[in-house]
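Some notes on the structure that comes next.
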Amino acid sequence: MFDRDEDVLDRVIDQLRQPVEMDPTLDTAVMTRVAAGGERLGRLAAVWDWAWRPREISVSPLAGLGLAAAVVGIVVWLAGRNPQVASPAAGPNTVQFVVVAPGAASVSLVGDFNDWDGGATPMQAAKSGALWSVTVPLTPGRYRYAFLVNGSRWLADPAAPRVQDDYDAPSSVVTVGG
Amino acid sequence: MHCSRWLAMLPLAGALLILRPSTAAAQDPRLERRLDPATLESVTATIDSARLQGLPVEALVQRALEGAAKHAAPAQIAAAVRRLAMELATARQALGSVSSPMELEAAAGALRAGVRPADLTRLRHRRTQSLTVALATLADLVASGVPPDSAAAAVIALAASAGDDQMADFRRAVERDIALGAPPAVAAAVRVDAALRQTPGASSRRP
């Protein structure tokens, strides 16, 4: 039994000792691939070296000033494009305005919050017709305003502080905290 | 060589082109619609100047629109906008360059009411939080009849310890007392002492 095992082993060794036939083009193909990879790596290394190599650049004072102005201009332009972002605390508060104007056909609330547009914020009359009111959202700030009665008569808010007026017509002021 | 010099000018020209719209933006379409050309030119010049100084310009636009709505004379509108611009500049000088647009507008209102710039500076030093409501309180007290010096002393006394809500409560209390017949200066003095006694940690010493 031991002899049989040795025979098998000898046969395996003989088999392994047989020369293996390889494709004759294999060497060439491998060397071609290696050369191509090296070329790619070489190009990348060259680009990397170029990017990091310090060099002197000559710029005239005027051109330098122009470049600096261009950078500042771009920054200013970008800053100007961004709308001012209101913080959550600066959200609108609802403010009710009320005025007594018996016999009025129309009453409008006009002020800093609606570009002093007489048609922008009409007030609603109560059933009695004397009490007019409107509710508007206002962000924190201080606003001048007045009531415009029948499209021609300016009326200050008797329930709010009055402000010194530049135009000989009464105005009031409301402060909305933020 | 000449060509390269011209090329060097290109970034400068580009920068000028980029900066140009900020000047043109001074022509506010709201004003263009509501003001005659001469008034528009005068008001726009004032607004441009204010913008260059870093002052808030929306209040100036609104003051001009108010004049237009009230059918004020062109010269009156231009003068009102110039006056407000000067008040905003004085307010910024008194409160410092860190002041917000809301603070400056409220301070301009206080100055218009008769408060001295030095009192605005004292208020800034006494109060760490936003001054908007404190300044509005100050202006409103003066509008209610409290002499400017008394109103300033009261608000400065409260400035370090009172929050915005307490400041508004104080103003309402003074106005109520005045409506009931109290002399304005006395009403302010009594109410500020009461407020200081109620505020924990507040010094009752008046500045």
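Scheme for the structure tokens: letters A, B, ... for chains in order shown; per-chain residue numbers from 1; ligand numbers from 1 in order shown.
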Taking only C-alpha atoms into account, produce a table as CSV in which each residue of chain A with an atom at most 8 Å from an atom of chain B appears once, together with its shortest atom pair and the distance in Å to one decimal, ordered by chain and rising number.
residue,atom,partner,partner_atom,distance
A:Ser60,CA,B:Ala8,CA,7.7
A:Leu62,CA,B:Met9,CA,7.2
A:Ala63,CA,B:Ala8,CA,4.8
A:Leu65,CA,B:Leu12,CA,7.3
A:Gly66,CA,B:Leu12,CA,3.8
A:Leu67,CA,B:Pro11,CA,5.4
A:Ala69,CA,B:Ala15,CA,5.6
A:Ala70,CA,B:Ala15,CA,4.2
A:Val71,CA,B:Ala15,CA,7.7
A:Val72,CA,B:Ala15,CA,7.9
A:Gly73,CA,B:Ala15,CA,5.5
A:Ile74,CA,B:Ile18,CA,6.9
A:Val76,CA,B:Leu19,CA,7.7
A:Trp77,CA,B:Ile18,CA,6.8
A:Gly111,CA,B:Glu66,CA,7.3
A:Asp112,CA,B:Gln62,CA,5.7
A:Asp115,CA,B:Gln62,CA,6.2
A:Trp116,CA,B:Glu66,CA,5.5
A:Asp117,CA,B:Ala69,CA,7.0
A:Gly118,CA,B:Ala69,CA,7.4
A:Gly141,CA,B:Met102,CA,5.9
A:Arg142,CA,B:Ala106,CA,6.6
A:Pro161,CA,B:Asp140,CA,5.8
A:Arg162,CA,B:Ala143,CA,6.3
A:Val163,CA,B:Ala143,CA,6.8
A:Gln164,CA,B:Ala113,CA,7.2
A:Asp166,CA,B:Ala80,CA,6.0
A:Tyr167,CA,B:Ala72,CA,6.0
A:Ala169,CA,B:Lys70,CA,7.2
A:Thr175,CA,B:Ala136,CA,6.8
A:Gly177,CA,B:Val133,CA,6.4
Based on DSSP run over this structure's backbone, return all residues of segment 15-127 of chain B in alpha helix (DSSP H), as JSON, numbers by chain. {"B": [15, 16, 17, 18, 19, 20, 21, 22, 23, 24, 29, 30, 31, 32, 33, 34, 37, 38, 39, 40, 41, 42, 43, 44, 45, 46, 47, 48, 49, 50, 51, 52, 58, 59, 60, 61, 62, 63, 64, 65, 66, 67, 68, 69, 74, 75, 76, 77, 78, 79, 80, 81, 82, 83, 84, 85, 86, 87, 88, 89, 90, 91, 92, 93, 94, 95, 101, 102, 103, 104, 105, 106, 107, 108, 109, 110, 111, 112, 113, 117, 118, 119, 120, 121, 122, 123, 124, 125, 126]}
d(atom CA of Val192 of chain B, atom CA of Ala154 of chain B) in Å: 5.9 Å
